[in-house]
Amino acid sequence: SQQGEEDPQALSIQEGENATMNCSYKTSINNLQWYRQNSGRGLVHLILIRSNEREKHSGRLRVTLDTSKKSSSLLITASRAADTASYFCATDGIYNQGGKLIFGQGTELSVKP
Amino acid sequence: NAGVTQTPKFQVLKTGQSMTLQCAQDMNHEYMSWYRQDPGMGLRLIHYSVGAGITDQGEVPNGYNVSRSTTEDFPLRLLSAAPSQTSVYFCASRPPLGAGGFYEQYFGPGTRLTVT
């Protein structure tokens, strides 16, 4: 079964607005990662947050992690049309052998100019 | 570095045919994995390898074989293709645990496979 569940499945916003995507997971983790996928392309790593961290920033990205609720959120501030893509959370569970990642179903973000 | 490369980019097979999807990386990564991506399903792990000669099953291994004879290459074999294997296949690699990296995975561009 998949570890991560994301919502919303699809999000449409105007350029300049903020976009928030949420991820919930089921078991204890070492870290949680967010990836972006442009249409027809492979996934690109955005940011990683460790289980002992609560918040992390990278440019216009802000990730939070609540291990008590087993949830994470990705905030993209001042969105641009180029942010249009699918975003996936992936968990590295503490019981995973070899550090394999389990991906959520993704949030499809559309940013309109 | 070329990163993670996959061939072919597109493939059409008939039911029952076999083929091998190629994956190679030039970053000396120990860990490699194969995922399939289907609409509404996200990415599901098929097989993975923590080093040459070591492979293990992921979530959806049935109908697929892998081997890892070198650090660089991790081919995925479809033994007898079925329409249910129509999907986009991604190969990924990452540095070994404890190497000081952050365990992010590097993905190839994908192979789009259609089985008729």
# chains A, B, ... in the order shown; residues from 1 in each chain; ligands from 1
$ closest_atom_pairs --of "chain A" --to "chain B" --cutoff "12 Å" --atoms "only C-alpha atoms" --output "tab-separated table"
residue	atom	partner	partner_atom	distance
A:Ser1	CA	B:Glu59	CA	7.5
A:Gln2	CA	B:Arg44	CA	7.8
A:Gln3	CA	B:Arg44	CA	10.3
A:Gly4	CA	B:Gly42	CA	9.5
A:Glu5	CA	B:Gly42	CA	9.6
A:Glu6	CA	B:Gly42	CA	10.0
A:Gln9	CA	B:Gly40	CA	8.7
A:Ala10	CA	B:Gly40	CA	10.9
A:Asn30	CA	B:Tyr103	CA	10.4
A:Asn31	CA	B:Tyr103	CA	9.1
A:Leu32	CA	B:Glu104	CA	9.9
A:Gln33	CA	B:Glu104	CA	7.6
A:Trp34	CA	B:Glu104	CA	9.4
A:Tyr35	CA	B:Glu104	CA	9.4
A:Arg36	CA	B:Phe107	CA	11.0
A:Gln37	CA	B:Phe107	CA	10.2
A:Asn38	CA	B:Pro109	CA	10.6
A:Ser39	CA	B:Pro109	CA	10.9
A:Gly40	CA	B:Pro109	CA	8.1
A:Arg41	CA	B:Pro109	CA	5.5
A:Gly42	CA	B:Pro109	CA	4.5
A:Leu43	CA	B:Phe107	CA	5.8
A:Val44	CA	B:Phe107	CA	6.9
A:His45	CA	B:Glu104	CA	6.4
A:Leu46	CA	B:Glu104	CA	8.9
A:Ile47	CA	B:Glu104	CA	8.5
A:Leu48	CA	B:Phe102	CA	7.3
A:Ile49	CA	B:Phe102	CA	9.3
A:Arg50	CA	B:Phe102	CA	9.3
A:Ser86	CA	B:Gly42	CA	10.0
A:Tyr87	CA	B:Gly42	CA	10.0
A:Phe88	CA	B:Gly42	CA	7.8
A:Cys89	CA	B:Gly42	CA	9.8
A:Ala90	CA	B:Leu43	CA	9.5
A:Thr91	CA	B:Glu104	CA	10.8
A:Asp92	CA	B:Tyr103	CA	8.9
A:Asn96	CA	B:Gly58	CA	10.5
A:Gln97	CA	B:Val50	CA	9.1
A:Gly98	CA	B:Val50	CA	6.1
A:Gly99	CA	B:Leu97	CA	7.5
A:Lys100	CA	B:Tyr48	CA	7.8
A:Leu101	CA	B:Leu45	CA	8.1
A:Ile102	CA	B:Arg44	CA	7.3
A:Phe103	CA	B:Leu43	CA	5.7
A:Gly104	CA	B:Gly42	CA	5.7
A:Gln105	CA	B:Gly42	CA	3.8
A:Gly106	CA	B:Gly42	CA	6.1
A:Thr107	CA	B:Gly42	CA	9.6
A:Glu108	CA	B:Gly40	CA	10.4
$ select_by_dssp --residues "chain B" --states "strand (DSSP E)" --output "PDB file with C-alpha atoms, in the first residue's frame"
ATOM      1  CA  VAL B   4      20.430   8.638 -15.066  1.00  0.00           C
ATOM      2  CA  THR B   5      19.720   7.568 -18.622  1.00  0.00           C
ATOM      3  CA  GLN B   6      16.963   5.308 -19.879  1.00  0.00           C
ATOM      4  CA  THR B   7      16.366   3.629 -23.204  1.00  0.00           C
ATOM      5  CA  PHE B  10       8.959   4.878 -26.223  1.00  0.00           C
ATOM      6  CA  GLN B  11       8.079   1.248 -26.880  1.00  0.00           C
ATOM      7  CA  VAL B  12       5.058  -0.621 -28.176  1.00  0.00           C
ATOM      8  CA  LEU B  13       4.810  -4.337 -27.501  1.00  0.00           C
ATOM      9  CA  MET B  19      11.797  -6.877 -23.661  1.00  0.00           C
ATOM     10  CA  THR B  20      14.366  -5.159 -21.497  1.00  0.00           C
ATOM     11  CA  LEU B  21      14.237  -1.543 -20.398  1.00  0.00           C
ATOM     12  CA  GLN B  22      17.720  -0.175 -19.958  1.00  0.00           C
ATOM     13  CA  CYS B  23      18.876   2.103 -17.141  1.00  0.00           C
ATOM     14  CA  ALA B  24      22.357   3.424 -16.509  1.00  0.00           C
ATOM     15  CA  GLN B  25      23.882   5.999 -14.168  1.00  0.00           C
ATOM     16  CA  TYR B  31      21.166   2.294  -4.820  1.00  0.00           C
ATOM     17  CA  MET B  32      19.012   2.000  -7.928  1.00  0.00           C
ATOM     18  CA  SER B  33      15.316   1.411  -8.343  1.00  0.00           C
ATOM     19  CA  TRP B  34      12.524   1.018 -10.877  1.00  0.00           C
ATOM     20  CA  TYR B  35       9.097   2.623 -10.579  1.00  0.00           C
ATOM     21  CA  ARG B  36       6.015   2.571 -12.710  1.00  0.00           C
ATOM     22  CA  GLN B  37       3.684   5.545 -12.923  1.00  0.00           C
ATOM     23  CA  ASP B  38       0.029   5.153 -13.769  1.00  0.00           C
ATOM     24  CA  GLY B  42       1.547   8.002  -8.256  1.00  0.00           C
ATOM     25  CA  LEU B  43       4.791   6.060  -8.482  1.00  0.00           C
ATOM     26  CA  ARG B  44       4.944   2.461  -7.360  1.00  0.00           C
ATOM     27  CA  LEU B  45       8.199   0.675  -6.646  1.00  0.00           C
ATOM     28  CA  ILE B  46       8.817  -2.428  -8.771  1.00  0.00           C
ATOM     29  CA  HIS B  47      12.315  -3.591  -7.798  1.00  0.00           C
ATOM     30  CA  TYR B  48      15.342  -2.020  -6.219  1.00  0.00           C
ATOM     31  CA  SER B  49      19.019  -2.770  -5.673  1.00  0.00           C
ATOM     32  CA  VAL B  50      21.371  -1.648  -2.911  1.00  0.00           C
ATOM     33  CA  GLY B  51      24.475  -2.635  -4.839  1.00  0.00           C
ATOM     34  CA  ILE B  54      21.850  -7.450  -4.653  1.00  0.00           C
ATOM     35  CA  THR B  55      18.243  -6.919  -5.691  1.00  0.00           C
ATOM     36  CA  ASP B  56      14.915  -6.990  -3.899  1.00  0.00           C
ATOM     37  CA  GLN B  57      11.232  -6.659  -4.654  1.00  0.00           C
ATOM     38  CA  TYR B  64       9.243  -8.100 -13.939  1.00  0.00           C
ATOM     39  CA  ASN B  65      12.799  -9.315 -13.420  1.00  0.00           C
ATOM     40  CA  VAL B  66      15.934  -7.371 -12.587  1.00  0.00           C
ATOM     41  CA  LEU B  76      14.299  -4.205 -16.068  1.00  0.00           C
ATOM     42  CA  ARG B  77      12.981  -7.210 -17.961  1.00  0.00           C
ATOM     43  CA  LEU B  78       9.372  -7.799 -18.879  1.00  0.00           C
ATOM     44  CA  SER B  87       2.703   2.491 -18.053  1.00  0.00           C
ATOM     45  CA  VAL B  88       5.529   4.983 -17.796  1.00  0.00           C
ATOM     46  CA  TYR B  89       8.626   3.453 -16.216  1.00  0.00           C
ATOM     47  CA  PHE B  90      11.171   5.465 -14.290  1.00  0.00           C
ATOM     48  CA  CYS B  91      14.592   4.432 -13.113  1.00  0.00           C
ATOM     49  CA  ALA B  92      16.196   6.240 -10.185  1.00  0.00           C
ATOM     50  CA  SER B  93      19.445   6.170  -8.253  1.00  0.00           C
ATOM     51  CA  ARG B  94      20.841   7.737  -5.102  1.00  0.00           C
ATOM     52  CA  TYR B 106      17.836  11.155  -9.183  1.00  0.00           C
ATOM     53  CA  PHE B 107      15.362  10.117 -11.835  1.00  0.00           C
ATOM     54  CA  THR B 111      10.188   5.020 -20.825  1.00  0.00           C
ATOM     55  CA  ARG B 112       6.611   5.112 -22.070  1.00  0.00           C
ATOM     56  CA  LEU B 113       5.489   1.533 -22.723  1.00  0.00           C
ATOM     57  CA  THR B 114       2.294   0.480 -24.452  1.00  0.00           C
ATOM     58  CA  VAL B 115       1.249  -3.171 -24.577  1.00  0.00           C
TER      59      VAL B 115
END
$ atom_distance --atom1 "atom CA of Gln17 of chain B" --atom2 "atom CA of Leu79 of chain B"
7.4 Å
$ residues_around --residues "Pro113 of chain A" --least-positions-apart "5" --cutoff "7 Å" --atoms "only C-alpha atoms" --output "tab-separated table (two decimals) with all heavy atoms, in the first residue's frame"
chain	number	residue	atom	x	y	z
A	14	GLN	N	-3.94	31.58	-9.55
A	14	GLN	CA	-3.42	32.64	-10.40
A	14	GLN	C	-1.97	32.90	-10.04
A	14	GLN	O	-1.54	32.70	-8.89
A	14	GLN	CB	-4.24	33.91	-10.22
A	14	GLN	CG	-5.69	33.83	-10.68
A	14	GLN	CD	-5.81	33.63	-12.17
A	14	GLN	OE1	-6.50	32.76	-12.65
A	14	GLN	NE2	-5.09	34.48	-12.93
A	15	GLU	N	-1.23	33.36	-11.01
A	15	GLU	CA	0.16	33.74	-10.79
A	15	GLU	C	0.23	34.76	-9.66
A	15	GLU	O	-0.58	35.67	-9.56
A	15	GLU	CB	0.73	34.34	-12.08
A	15	GLU	CG	2.21	34.11	-12.26
A	15	GLU	CD	2.67	34.42	-13.68
A	15	GLU	OE1	1.99	35.21	-14.36
A	15	GLU	OE2	3.69	33.84	-14.11
A	81	ALA	N	3.90	30.88	-13.49
A	81	ALA	CA	3.39	29.93	-14.47
A	81	ALA	C	4.33	28.73	-14.60
A	81	ALA	O	3.90	27.59	-14.83
A	81	ALA	CB	3.20	30.61	-15.82
$ atom_distance --atom1 "atom CA of Ser110 of chain A" --atom2 "atom CA of Ile76 of chain A"
12.2 Å
$ residues_around --residues "Asp83 of chain A" --least-positions-apart "2" --cutoff "8 Å" --atoms "only C-alpha atoms" --output "PyMOL selection string"
chain A and resi 79-81+85+109-111
$ select_by_dssp --residues "chain A" --states "helix (DSSP H, G or I)" --output "count of residues only"
6
$ residues_around --residues "segment 61-65 of chain A" --least-positions-apart "4" --cutoff "8 Å" --atoms "only C-alpha atoms" --output "number ranges by chain"
A: 47, 49, 51, 53-57, 70-77
$ atom_distance --atom1 "atom CA of Met21 of chain A" --atom2 "atom CA of Arg60 of chain A"
13.8 Å
